[in-house]
Structures are given as structure tokens and as C-alpha cells.
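> Handing over my_file.cif, mmCIF, C-alpha atoms.
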```cif
data_query
#
loop_
_atom_site.label_atom_id
_atom_site.label_comp_id
_atom_site.auth_asym_id
_atom_site.auth_seq_id
_atom_site.Cartn_x
_atom_site.Cartn_y
_atom_site.Cartn_z
CA MET B 1 -33.28 -0.63 -6.24
CA ASN B 2 -29.88 -1.07 -4.63
CA LYS B 3 -27.02 1.07 -5.92
CA LYS B 4 -24.52 -0.76 -8.11
CA ILE B 5 -20.77 -0.54 -7.66
CA LEU B 6 -18.06 -2.10 -9.80
CA ILE B 7 -14.98 -3.33 -7.96
CA LEU B 8 -11.78 -4.01 -9.90
CA GLY B 9 -9.97 -7.06 -8.54
CA ALA B 10 -11.17 -10.22 -6.79
CA GLY B 11 -8.01 -11.52 -5.16
CA GLU B 12 -7.52 -12.30 -1.47
CA MET B 13 -6.79 -8.65 -0.65
CA GLN B 14 -10.02 -7.49 -2.36
CA ILE B 15 -12.35 -9.76 -0.37
CA PRO B 16 -12.75 -7.25 2.51
CA ILE B 17 -13.93 -4.43 0.20
CA ILE B 18 -16.38 -6.75 -1.60
CA GLU B 19 -17.78 -7.94 1.73
CA LYS B 20 -18.01 -4.34 2.99
CA ALA B 21 -19.94 -3.23 -0.11
CA LYS B 22 -22.38 -6.11 0.29
CA SER B 23 -22.86 -5.28 3.98
CA MET B 24 -23.77 -1.73 2.94
CA GLY B 25 -26.58 -3.10 0.77
CA LEU B 26 -24.87 -2.46 -2.56
CA TYR B 27 -25.10 -4.66 -5.64
CA THR B 28 -21.51 -5.76 -6.22
CA ILE B 29 -20.18 -6.21 -9.73
CA VAL B 30 -16.66 -7.60 -9.49
CA ALA B 31 -14.17 -7.76 -12.35
CA ASP B 32 -11.12 -10.03 -12.48
CA MET B 33 -9.31 -11.84 -15.28
CA SER B 34 -9.50 -15.06 -13.26
CA ALA B 35 -12.93 -16.64 -12.92
CA ASP B 36 -11.51 -18.63 -9.99
CA ALA B 37 -10.38 -15.60 -7.97
CA PRO B 38 -11.84 -15.93 -4.43
CA GLY B 39 -13.74 -12.64 -4.59
CA MET B 40 -15.66 -13.79 -7.66
CA LYS B 41 -17.48 -16.36 -5.52
CA ILE B 42 -19.06 -13.73 -3.28
CA ALA B 43 -19.83 -11.11 -5.94
CA ASP B 44 -23.43 -10.46 -6.95
CA MET B 45 -22.21 -10.30 -10.56
CA PRO B 46 -18.72 -11.64 -11.35
CA ILE B 47 -17.28 -10.51 -14.69
CA THR B 48 -14.23 -12.27 -16.11
CA ILE B 49 -12.18 -9.47 -17.64
CA SER B 50 -8.75 -7.94 -17.10
CA THR B 51 -8.81 -5.11 -14.57
CA MET B 52 -6.49 -3.26 -16.99
CA ASP B 53 -8.95 -3.43 -19.92
CA LYS B 54 -10.21 0.14 -19.63
CA GLU B 55 -12.56 -0.01 -22.61
CA GLY B 56 -14.01 -3.33 -21.50
CA ILE B 57 -14.50 -2.03 -17.94
CA LEU B 58 -16.06 1.16 -19.31
CA THR B 59 -18.54 -0.91 -21.32
CA CYS B 60 -19.39 -2.96 -18.20
CA CYS B 61 -20.05 0.22 -16.22
CA LYS B 62 -22.28 1.61 -18.97
CA ASP B 63 -24.21 -1.63 -19.48
CA CYS B 64 -24.75 -2.14 -15.75
CA GLU B 65 -25.46 1.55 -15.07
CA VAL B 66 -23.18 1.62 -12.02
CA GLN B 67 -23.14 4.50 -9.55
CA GLY B 68 -19.48 4.03 -8.64
CA VAL B 69 -16.24 2.25 -9.55
CA LEU B 70 -13.26 1.53 -7.29
CA THR B 71 -10.21 -0.63 -6.68
CA THR B 72 -7.85 -1.37 -3.80
CA SER B 73 -4.96 -2.29 -6.14
CA ASP B 74 -2.27 -0.10 -7.71
CA ALA B 75 -2.40 -0.43 -11.47
CA PRO B 76 -6.22 -0.48 -11.89
CA VAL B 77 -6.51 3.06 -10.47
CA ASN B 78 -5.72 4.18 -14.02
CA VAL B 79 -8.85 2.37 -15.19
CA VAL B 80 -10.90 3.83 -12.32
CA SER B 81 -9.81 7.35 -13.28
CA TYR B 82 -10.56 6.73 -16.98
CA VAL B 83 -14.05 5.42 -16.25
CA GLY B 84 -14.65 8.17 -13.72
CA GLU B 85 -13.70 10.97 -16.10
CA THR B 86 -15.61 9.42 -19.01
CA LEU B 87 -18.85 8.78 -17.10
CA GLY B 88 -18.65 11.67 -14.64
CA LEU B 89 -18.29 9.38 -11.61
CA PRO B 90 -16.31 10.46 -8.53
CA SER B 91 -12.64 9.47 -8.81
CA MET B 92 -9.10 10.75 -8.93
CA SER B 93 -8.16 12.39 -12.24
CA MET B 94 -6.35 10.47 -14.98
CA GLU B 95 -3.28 12.68 -14.47
CA VAL B 96 -3.21 11.89 -10.76
CA ALA B 97 -3.58 8.15 -11.41
CA THR B 98 -0.72 8.26 -13.91
CA ILE B 99 1.61 10.03 -11.49
CA CYS B 100 0.65 7.85 -8.53
CA THR B 101 1.46 4.65 -10.45
CA ASN B 102 4.84 5.85 -11.70
CA LYS B 103 7.62 6.39 -9.17
CA TYR B 104 9.72 8.42 -11.62
CA LEU B 105 6.92 10.86 -12.42
CA GLN B 106 6.36 11.31 -8.68
CA ARG B 107 10.01 12.16 -8.11
CA VAL B 108 9.88 14.73 -10.94
CA ARG B 109 6.71 16.34 -9.56
CA PHE B 110 8.13 16.49 -6.04
CA ALA B 111 11.40 18.05 -7.23
CA GLU B 112 9.46 20.68 -9.17
CA ASN B 113 7.49 21.63 -6.05
CA GLY B 114 10.24 21.85 -3.46
CA ILE B 115 9.50 18.52 -1.79
CA LYS B 116 12.51 16.62 -0.45
CA VAL B 117 13.78 14.00 -2.91
CA PRO B 118 16.99 11.96 -3.11
CA PHE B 119 19.12 11.81 -6.26
CA PHE B 120 17.21 9.72 -8.83
CA LYS B 121 17.70 8.43 -12.35
CA VAL B 122 15.32 6.54 -14.62
CA CYS B 123 16.90 3.61 -16.47
CA ASP B 124 16.11 0.88 -18.97
CA GLU B 125 18.11 -2.02 -20.38
CA ASN B 126 20.18 0.34 -22.57
CA THR B 127 21.14 2.88 -19.89
CA ASP B 128 24.84 3.38 -19.16
CA LEU B 129 25.15 2.85 -15.41
CA SER B 130 28.91 3.46 -15.15
CA GLY B 131 28.45 7.04 -13.94
CA LEU B 132 26.61 5.93 -10.81
CA LYS B 133 29.28 5.77 -8.13
CA ASP B 134 27.76 7.18 -4.90
CA PHE B 135 26.65 3.88 -3.38
CA PRO B 136 24.45 2.65 -1.82
CA TYR B 137 21.46 3.03 -4.16
CA ILE B 138 17.92 1.68 -4.13
CA VAL B 139 16.75 0.07 -7.38
CA LYS B 140 13.01 -0.30 -8.01
CA PRO B 141 10.62 -0.73 -10.95
CA VAL B 142 8.88 2.55 -11.77
CA ASP B 143 5.48 0.84 -11.84
CA SER B 144 5.30 -2.17 -9.55
CA SER B 145 4.16 -2.89 -5.98
CA ALA B 146 4.51 -5.34 -3.07
CA SER B 147 8.29 -4.67 -2.90
CA ARG B 148 8.79 -6.72 -6.05
CA GLY B 149 12.07 -5.90 -7.75
CA VAL B 150 13.17 -3.50 -4.99
CA LYS B 151 16.75 -3.92 -3.80
CA LYS B 152 19.53 -2.00 -2.08
CA VAL B 153 22.88 -2.25 -3.90
CA ALA B 154 26.39 -1.51 -2.64
CA ASN B 155 28.51 -1.75 -5.80
CA TYR B 156 28.40 -1.65 -9.60
CA GLU B 157 28.01 -5.42 -10.03
CA GLU B 158 25.00 -5.50 -7.70
CA LEU B 159 23.58 -2.44 -9.45
CA THR B 160 23.62 -3.95 -12.93
CA GLU B 161 22.14 -7.21 -11.65
CA ALA B 162 19.41 -5.41 -9.69
CA VAL B 163 18.46 -3.20 -12.65
CA SER B 164 18.05 -6.26 -14.88
CA GLU B 165 15.90 -8.00 -12.26
CA ALA B 166 13.76 -4.90 -11.60
CA ILE B 167 13.04 -4.46 -15.31
CA GLU B 168 11.32 -7.87 -15.26
CA PHE B 169 8.79 -6.51 -12.74
CA SER B 170 8.11 -3.29 -14.64
CA ARG B 171 5.21 -3.03 -17.08
CA SER B 172 7.05 -0.24 -18.90
CA GLN B 173 10.45 -1.97 -18.70
CA LYS B 174 11.86 1.00 -16.78
CA VAL B 175 13.41 1.27 -13.33
CA ILE B 176 14.44 4.09 -11.06
CA VAL B 177 17.80 4.22 -9.29
CA GLU B 178 17.90 6.58 -6.33
CA SER B 179 20.16 7.37 -3.40
CA PHE B 180 19.46 5.33 -0.29
CA ILE B 181 17.65 7.30 2.43
CA SER B 182 18.36 6.24 5.99
CA GLY B 183 15.82 6.57 8.75
CA LYS B 184 12.72 4.98 10.25
CA GLU B 185 9.86 4.00 7.97
CA TYR B 186 6.23 5.02 8.28
CA SER B 187 3.08 5.07 6.17
CA VAL B 188 0.42 7.74 6.26
CA GLU B 189 -3.25 7.00 5.57
CA THR B 190 -5.36 9.89 4.31
CA TYR B 191 -8.59 10.76 2.57
CA THR B 192 -9.04 13.75 0.28
CA GLN B 193 -12.56 14.81 -0.69
CA ASN B 194 -13.51 18.13 -2.26
CA ASN B 195 -9.83 19.17 -2.00
CA GLU B 196 -9.77 18.74 1.79
CA THR B 197 -7.17 16.26 3.05
CA ILE B 198 -7.52 14.51 6.41
CA ILE B 199 -4.71 12.42 7.85
CA ILE B 200 -6.34 9.46 9.57
CA THR B 201 -3.27 7.90 11.19
CA ILE B 202 0.44 7.17 10.83
CA THR B 203 1.64 3.56 10.85
CA GLU B 204 5.09 2.50 12.03
CA LYS B 205 6.84 -0.07 9.83
CA LEU B 206 9.49 -2.61 10.74
CA CYS B 207 11.23 -4.41 7.86
CA ILE B 208 13.28 -7.57 7.38
CA GLY B 209 15.84 -8.62 4.79
CA GLU B 210 17.81 -5.37 4.81
CA ASP B 211 21.09 -7.25 5.33
CA LYS B 212 20.40 -8.99 1.99
CA GLY B 213 19.32 -5.80 0.25
CA PHE B 214 15.57 -6.42 0.49
CA PHE B 215 13.04 -4.23 2.29
CA VAL B 216 10.00 -6.35 3.12
CA GLU B 217 7.58 -4.94 5.68
CA ASP B 218 7.40 -7.41 8.55
CA THR B 219 5.48 -5.55 11.27
CA HIS B 220 3.00 -2.65 11.20
CA ILE B 221 2.14 -0.83 14.44
CA GLU B 222 -0.56 1.79 15.04
CA PRO B 223 -0.32 4.46 16.18
CA ALA B 224 3.30 5.12 15.22
CA ARG B 225 5.55 5.69 18.23
CA ILE B 226 6.63 9.22 17.31
CA SER B 227 6.71 12.62 18.98
CA ASP B 228 4.22 15.38 18.31
CA THR B 229 7.00 17.27 16.53
CA ASP B 230 7.74 14.39 14.16
CA TRP B 231 4.01 13.89 13.58
CA ALA B 232 3.74 17.54 12.52
CA ILE B 233 6.77 17.23 10.20
CA ILE B 234 5.30 14.18 8.49
CA LYS B 235 1.85 15.76 8.21
CA ALA B 236 3.24 18.91 6.60
CA GLU B 237 5.30 17.04 3.99
CA VAL B 238 2.54 14.58 3.08
CA THR B 239 -0.09 17.30 2.78
CA LYS B 240 2.25 19.33 0.58
CA ALA B 241 2.93 16.32 -1.67
CA ILE B 242 -0.77 15.49 -2.05
CA ALA B 243 -1.46 19.09 -3.09
CA ALA B 244 1.47 19.07 -5.53
CA ILE B 245 0.10 16.02 -7.33
CA GLY B 246 -3.46 17.36 -7.24
CA ILE B 247 -4.99 14.36 -5.52
CA ASP B 248 -8.74 14.55 -4.82
CA ASN B 249 -11.73 12.23 -4.34
CA CYS B 250 -9.67 9.25 -3.20
CA PRO B 251 -7.62 7.86 -0.33
CA THR B 252 -3.84 7.91 -0.30
CA HIS B 253 -1.24 5.61 1.17
CA THR B 254 2.09 7.42 1.54
CA GLU B 255 5.32 5.66 2.45
CA ILE B 256 7.83 7.90 4.16
CA LYS B 257 11.24 7.86 5.87
CA LEU B 258 12.09 10.18 8.72
CA ASN B 259 15.63 11.19 9.72
CA ASP B 260 17.44 14.22 11.15
CA LYS B 261 17.10 16.02 7.80
CA GLY B 262 13.32 15.73 7.77
CA ALA B 263 10.63 13.59 6.15
CA PHE B 264 11.33 12.03 2.75
CA ILE B 265 8.42 10.66 0.76
CA ILE B 266 9.25 7.30 -0.80
CA GLU B 267 6.03 7.13 -2.81
CA ILE B 268 2.33 7.97 -2.76
CA ALA B 269 -0.40 5.60 -3.94
CA CYS B 270 -3.90 6.94 -4.63
CA ARG B 271 -5.50 3.89 -3.04
CA LEU B 272 -5.93 2.41 0.41
CA GLY B 273 -2.91 0.93 2.14
CA GLY B 274 -2.55 -2.83 1.88
CA ASP B 275 -1.03 -5.35 4.30
CA TYR B 276 -4.23 -5.20 6.41
CA ILE B 277 -3.46 -1.59 7.39
CA THR B 278 -6.71 -0.05 6.23
CA SER B 279 -8.88 -3.16 6.30
CA ASP B 280 -7.97 -4.01 9.90
CA LEU B 281 -5.43 -1.85 11.75
CA VAL B 282 -6.96 1.58 11.17
CA PRO B 283 -10.47 0.50 12.25
CA LEU B 284 -9.01 -1.35 15.26
CA SER B 285 -6.91 1.61 16.41
CA THR B 286 -9.21 4.54 15.50
CA GLY B 287 -12.69 3.22 14.74
CA VAL B 288 -12.57 4.89 11.30
CA ASP B 289 -14.15 2.68 8.62
CA MET B 290 -11.62 3.02 5.80
CA LEU B 291 -13.33 0.52 3.49
CA GLY B 292 -16.74 2.06 4.02
CA ASN B 293 -15.29 5.49 3.26
CA LEU B 294 -13.74 4.22 0.03
CA ILE B 295 -17.18 3.08 -1.09
CA LYS B 296 -18.77 6.37 -0.02
CA ILE B 297 -16.21 8.45 -1.89
CA ALA B 298 -16.74 6.33 -5.02
CA LEU B 299 -20.47 7.01 -4.77
CA GLY B 300 -19.99 10.72 -4.18
CA GLU B 301 -21.24 10.52 -0.59
CA LYS B 302 -19.74 12.43 2.34
CA ILE B 303 -17.10 10.39 4.14
CA ASP B 304 -16.89 9.96 7.93
CA VAL B 305 -13.29 10.28 9.13
CA GLU B 306 -13.97 11.18 12.76
CA ARG B 307 -11.85 9.15 15.16
CA LYS B 308 -14.11 7.03 17.39
CA TYR B 309 -11.52 5.92 19.97
CA ASN B 310 -7.77 5.66 20.63
CA LYS B 311 -6.52 2.10 20.80
CA CYS B 312 -3.44 0.27 19.51
CA ALA B 313 -3.13 -2.43 16.85
CA ALA B 314 -0.45 -4.33 14.98
CA VAL B 315 0.05 -6.97 12.35
CA GLN B 316 3.00 -9.34 12.54
CA PHE B 317 3.78 -11.32 9.40
CA LEU B 318 5.12 -14.85 9.60
CA ASN B 319 8.54 -15.69 8.19
CA PRO B 320 10.91 -18.67 8.63
CA ASP B 321 12.54 -17.14 11.73
CA ASN B 322 9.38 -16.35 13.73
CA TYR B 323 7.06 -19.02 12.33
CA GLU B 324 7.00 -21.32 15.36
CA ARG B 325 6.75 -18.47 17.88
CA CYS B 326 3.81 -16.97 15.98
CA LYS B 327 2.08 -20.34 15.74
CA LEU B 328 2.44 -20.93 19.47
CA PHE B 329 1.03 -17.46 20.17
CA ILE B 330 -1.92 -18.05 17.83
CA ASP B 331 -2.58 -21.49 19.32
CA SER B 332 -2.61 -19.95 22.80
CA GLY B 333 -5.85 -18.14 21.95
CA ASP B 334 -4.56 -14.86 23.39
CA SER B 335 -7.44 -12.41 23.88
CA HIS B 336 -5.63 -9.68 21.89
CA ILE B 337 -5.80 -11.69 18.65
CA ARG B 338 -8.35 -10.37 16.16
CA ARG B 339 -7.48 -12.28 12.99
CA TYR B 340 -4.77 -14.56 11.63
CA GLU B 341 -3.71 -16.83 8.81
CA VAL B 342 -0.98 -19.48 8.88
CA ARG B 343 0.37 -20.83 5.60
CA PRO B 344 2.53 -23.95 5.16
CA PHE B 345 6.10 -23.48 6.36
CA GLU B 346 8.78 -22.80 3.73
CA ASN B 347 12.40 -22.13 4.60
CA LYS B 348 12.98 -19.38 2.04
CA GLN B 349 14.30 -15.85 1.83
CA ILE B 350 11.46 -13.32 2.14
CA GLU B 351 12.19 -11.08 -0.86
CA ASN B 352 8.77 -9.43 -1.25
CA SER B 353 5.41 -9.37 0.51
CA LEU B 354 4.09 -12.29 -1.54
CA ASP B 355 6.69 -14.60 0.11
CA ARG B 356 5.26 -14.20 3.61
CA LEU B 357 3.98 -17.25 5.49
CA GLY B 358 0.91 -15.71 7.10
CA PHE B 359 -0.04 -13.02 9.61
CA VAL B 360 -1.51 -12.35 13.02
CA ILE B 361 -3.42 -9.14 13.86
CA VAL B 362 -3.71 -7.94 17.45
CA GLN B 363 -5.49 -5.09 19.25
CA ALA B 364 -4.87 -3.62 22.71
CA ASP B 365 -5.85 -0.66 24.86
CA CYS B 366 -2.27 0.56 25.30
CA MET B 367 1.04 0.42 23.43
CA SER B 368 2.88 -1.46 26.18
CA GLU B 369 0.62 -4.47 25.57
CA ILE B 370 1.36 -4.37 21.83
CA GLU B 371 5.10 -4.06 22.51
CA GLU B 372 5.00 -7.07 24.81
CA ILE B 373 3.25 -9.18 22.19
CA ILE B 374 5.63 -8.10 19.41
CA SER B 375 8.70 -8.80 21.53
CA LYS B 376 7.33 -12.28 22.25
CA ILE B 377 6.63 -13.30 18.64
CA LYS B 378 8.81 -11.15 16.32
#
```
If you convert what's in this file into C-alpha cells, what do you get?

Amino acid sequence: MNKKILILGAGEMQIPIIEKAKSMGLYTIVADMSADAPGMKIADMPITISTMDKEGILTCCKDCEVQGVLTTSDAPVNVVSYVGETLGLPSMSMEVATICTNKYLQRVRFAENGIKVPFFKVCDENTDLSGLKDFPYIVKPVDSSASRGVKKVANYEELTEAVSEAIEFSRSQKVIVESFISGKEYSVETYTQNNETIIITITEKLCIGEDKGFFVEDTHIEPARISDTDWAIIKAEVTKAIAAIGIDNCPTHTEIKLNDKGAFIIEIACRLGGDYITSDLVPLSTGVDMLGNLIKIALGEKIDVERKYNKCAAVQFLNPDNYERCKLFIDSGDSHIRRYEVRPFENKQIENSLDRLGFVIVQADCMSEIEEIISKIK
């Protein structure tokens, strides 16, 4: 009989992991609070339940006698860890899941272990903000994702407004205010199994909206265009942070900034990277099957993280400024295009990743080809 795996989440971003599990011959049980979520239509057994209902999910896993449970979303990793610890299934620990879904707890853990951190302060609606004078600051919910509620502020008026807005995106009604870190942005994709961490690749990130205080990732490029020295600096800091948190039996997606003072970790998530990084870009640039490895690690099977080849890949997101250029490029049928989606045009400020108007994913044999494409459509 086929092994059974329970996947938490059936939204658009979860479709690739559901399809991957089915292609591996697994019986897919998919949980989502919306019976109309697109992933529910392709599941072997859709279950309408909140992905945050840990007792309900635990009961589902017991009743269905699953061999593994996983998610590609942020908040449900707490449920994965709870089910894993309760049933003895492979997963990150509950402590790790708690830290990885709370930006404040991460900052505290990093500071305790000698990992570079900016000034930070946790706040709620009653916090006196008048003592914060060393602008600019970054304001973010302690427990949200997709850049929702994240804003750079330059004065006290902007600070108070941003804190109030960020609280609306926080499940705990708390936000973190921290000093702004300058530098280039990257993300690091890793797997840790049996306490051995392997860095798969480093992704270069280009953002838009910074002039308005927003930091929405607009372009991802693999491999990152960095020196061997910078690669080593990033690797050392990320590996140290993963060990400090105690991450094991899961992937991590680490966002980082690099400047002349070193590598600063913005946050670590104990899940795969989103924005088509691990579903598309990593396999296209390295040949490593990140989704397949997530399923293997959830089943307690040995993962395969050996690089198969060295190519280049990128995803460019559509926004009001590049919409027509991207559409023309997509319509041209360029041979580098691997996948795309074009949504209806809206002339709006892109304030978080959910506001984007689509994407186009490309692959090439060398970076100069990727750079030419990006310069044409960005």
C-alpha cells in the first residue's frame, strides 16, 4: 500500500508540493480551511480543516495512519512540529518551530549566541515609542510573512503609524522595531538532517518600493553574483545561526543582508523558500529536487542534495512599471522561459508579495544570458 502523507495548506503555492508527492506515488491527504482551495482538487483525500488546528490535524494523522506530515507555509510549521513530536514522526522540534515563526525570539537567540543583530525592540499597542530616535528603523510583525506589515520609517510620525499597521498583521498583536541594516539582500536555502546542514545555494534578491518604505522582492537570481569570500562569510553565519536555534530534520530559508561589517541574518524560516525559489529556481540552477527532499525528510528517508549541474535561473515578478515589457517578452516565446503567469493589470503600489501581477521564470547556461533578459524586462 502506498505511503500516506498529510500536507498542510492547499493554496496556489502548495500545488507544486502536492503534485510532487503524487508523482512519487504517495497517497496525499491535504488539509485546508477552504474546501475551494486549488490544491484540494488534486488531493487524494481533501480535508476541510484549519491548518492551525493542531488537535484536529493530529486526529487526522492518527485516523489516517500517515507516515509523514509537512507544510510549505510559515505558521503551520508549529502544527507539523506538534504532530511530529506527539506521533514520533520526523520533524523540527516544537521549540525550533516556535523560534522560527517569531522574529523577536530569533533576535534574542542570536544575541545570546554571538550572532550579529541590529538594535531591536518588541512593541505592542501600549508601548511608549518616544525613546526611539535613531532613525531609520524597520517595523515588522513578529509573526507574519510575505512582507505584510513591513515598512522602513524615517521619523516618529511614520514609526507610530507603521507600528499600528504592523500590529494588524500580527497574530500575537506584537511587532518588532529594529535598526535598518544597509547592504545587498540574499536568501540561503539549506537542508539539515541528522544534525548535518548542507547549503544548497544562495539566491540574490532585488527589491522594489524602498523609496516608499516597502521591501517587496521583485527579482530572484541564482546563483547569487558574489565572491567566494562573501559566500564563505554567509555560509559561516547561517550555519552558526542554524546550530544556535537547534534546527534539524527540516529545510531552512534564511534571509540575509551583506555589507562591509559582515552578514546580518534578517530571519530564518524552518520551511522551504517561497516565491518559486525552491519549487523552480533551485532545481533549474542546480538539479537538486527541493520538493522531493522535503517529502523524503518528512518520511525519514535520506535526502539527496548533490548538485547535478551548474546553470543559472531567475524569476522576475510583474508590477505596474514592467508589466508591458514582461508581457512582450512572454509573448515572444523566448526559449529561456520555463514558466509564467500573467494576472490582470492593476495600477497599484506593490506593498507586499500578494500585490504582484504575475511572474516569469527563466533558465540559462550562463549568467550573462540571465542579465540580458533581466535588463530587458525589469
> Give me, as a ChimeraX atom specification, all polymer residues having an atom no more than 7 Å from Thr192 in chain B, counting all atoms listed in the file and skipping those fewer than 3 positions away in the same chain.
/B:195-198,248-251
> Could you please determine the separation between CA of Ile268 in chain B and CA of Glu306 in chain B in Å, to one decimal place?
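Pair CA of Ile268 in chain B / CA of Glu306 in chain B returns 22.7 Å.
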> For Ile226 in chain B, which residue among B:Leu129, B:Leu8, B:Val66, B:Leu258 is the nearest when counting only C-alpha atoms?
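Closest residue, counting only C-alpha atoms: B:Leu258.
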> Quick one: residues within 10 Å of Glu125 in chain B, only C-alpha atoms counted, chain neighbours fewer than 6 positions away excluded, as a list in words?
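The filter keeps Thr160, Val163, Ser164, Ile167, Gln173, Lys174 and Val175 of chain B.
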> Take the PyMOL selection byres ((chain B and resi 207-219) around 8), run it mentally on this structure, and tell me the resulting residues as a tab-separated table (two decimals) with C-alpha atoms, in the frame of the given file.

```
chain	number	residue	atom	x	y	z
B	147	SER	CA	8.29	-4.67	-2.90
B	150	VAL	CA	13.17	-3.50	-4.99
B	151	LYS	CA	16.75	-3.92	-3.80
B	152	LYS	CA	19.53	-2.00	-2.08
B	153	VAL	CA	22.88	-2.25	-3.90
B	205	LYS	CA	6.84	-0.07	9.83
B	206	LEU	CA	9.49	-2.61	10.74
B	220	HIS	CA	3.00	-2.65	11.20
B	221	ILE	CA	2.14	-0.83	14.44
B	314	ALA	CA	-0.45	-4.33	14.98
B	315	VAL	CA	0.05	-6.97	12.35
B	316	GLN	CA	3.00	-9.34	12.54
B	317	PHE	CA	3.78	-11.32	9.40
B	318	LEU	CA	5.12	-14.85	9.60
B	349	GLN	CA	14.30	-15.85	1.83
B	350	ILE	CA	11.46	-13.32	2.14
B	351	GLU	CA	12.19	-11.08	-0.86
B	352	ASN	CA	8.77	-9.43	-1.25
B	353	SER	CA	5.41	-9.37	0.51
```
> How big is the axis-aligned box around all listed atoms of range 217-220 of chain B once 8 Å goes on each side, and where's its centre, in Å to one decimal, as JSON?

```
{"center_x": 5.3, "center_y": -5.0, "center_z": 8.5, "size_x": 20.6, "size_y": 20.8, "size_z": 21.6}
```
> Rounded to one decimal, what separation in Å do you get between CA of Met24 in chain B and CA of Ala298 in chain B?
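Computed distance, CA of Met24 in chain B to CA of Ala298 in chain B, equals 13.3 Å.
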> Can you list, as a list in words, every protein, DNA or RNA residue that comes within 10 Å of Cys366 in chain B when you count all atoms listed in the file, leaving out same-chain residues fewer than 6 positions away?
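So, after excluding close chain neighbours, the residues are Asn310, Lys311, Cys312 and Ala313 of chain B.
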> Could the residues in this selection be saved with C-alpha atoms as a compact mmCIF listing (two decimals), keeping the file's coordinate frame?

```
# COMPACT_ATOMS: atom_id res chain seq x y z
CA ASN B 310 -7.77 5.66 20.63
CA LYS B 311 -6.52 2.10 20.80
CA CYS B 312 -3.44 0.27 19.51
CA ALA B 313 -3.13 -2.43 16.85
```
> Give me, as a compact mmCIF listing (two decimals) with C-alpha atoms, in the coordinates of the input, all polymer residues having an atom no more than 8 Å from Gly300 in chain B, counting all atoms listed in the file and skipping those fewer than 4 positions away in the same chain.

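Dumped to part_15.txt:
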```txt
# COMPACT_ATOMS: atom_id res chain seq x y z
CA LEU B 89 -18.29 9.38 -11.61
CA PRO B 90 -16.31 10.46 -8.53
CA LYS B 296 -18.77 6.37 -0.02
```
> Quick one: residues within 8 Å of Leu6 in chain B, only C-alpha atoms, excluding same-chain residues fewer than 5 positions away - as a JSON list (two decimals) with C-alpha atoms, in the frame of the given file?

```json
[["chain", "number", "residue", "atom", "x", "y", "z"],
["B", 28, "THR", "CA", -21.51, -5.76, -6.22],
["B", 29, "ILE", "CA", -20.18, -6.21, -9.73],
["B", 30, "VAL", "CA", -16.66, -7.60, -9.49],
["B", 31, "ALA", "CA", -14.17, -7.76, -12.35],
["B", 61, "CYS", "CA", -20.05, 0.22, -16.22],
["B", 66, "VAL", "CA", -23.18, 1.62, -12.02],
["B", 68, "GLY", "CA", -19.48, 4.03, -8.64],
["B", 69, "VAL", "CA", -16.24, 2.25, -9.55],
["B", 70, "LEU", "CA", -13.26, 1.53, -7.29]]
```
> What is the CA of Leu284 in chain B-CA of Pro320 in chain B distance in Å, reported with one decimal?
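According to the coordinates, CA of Leu284 in chain B and CA of Pro320 in chain B are separated by 27.2 Å.
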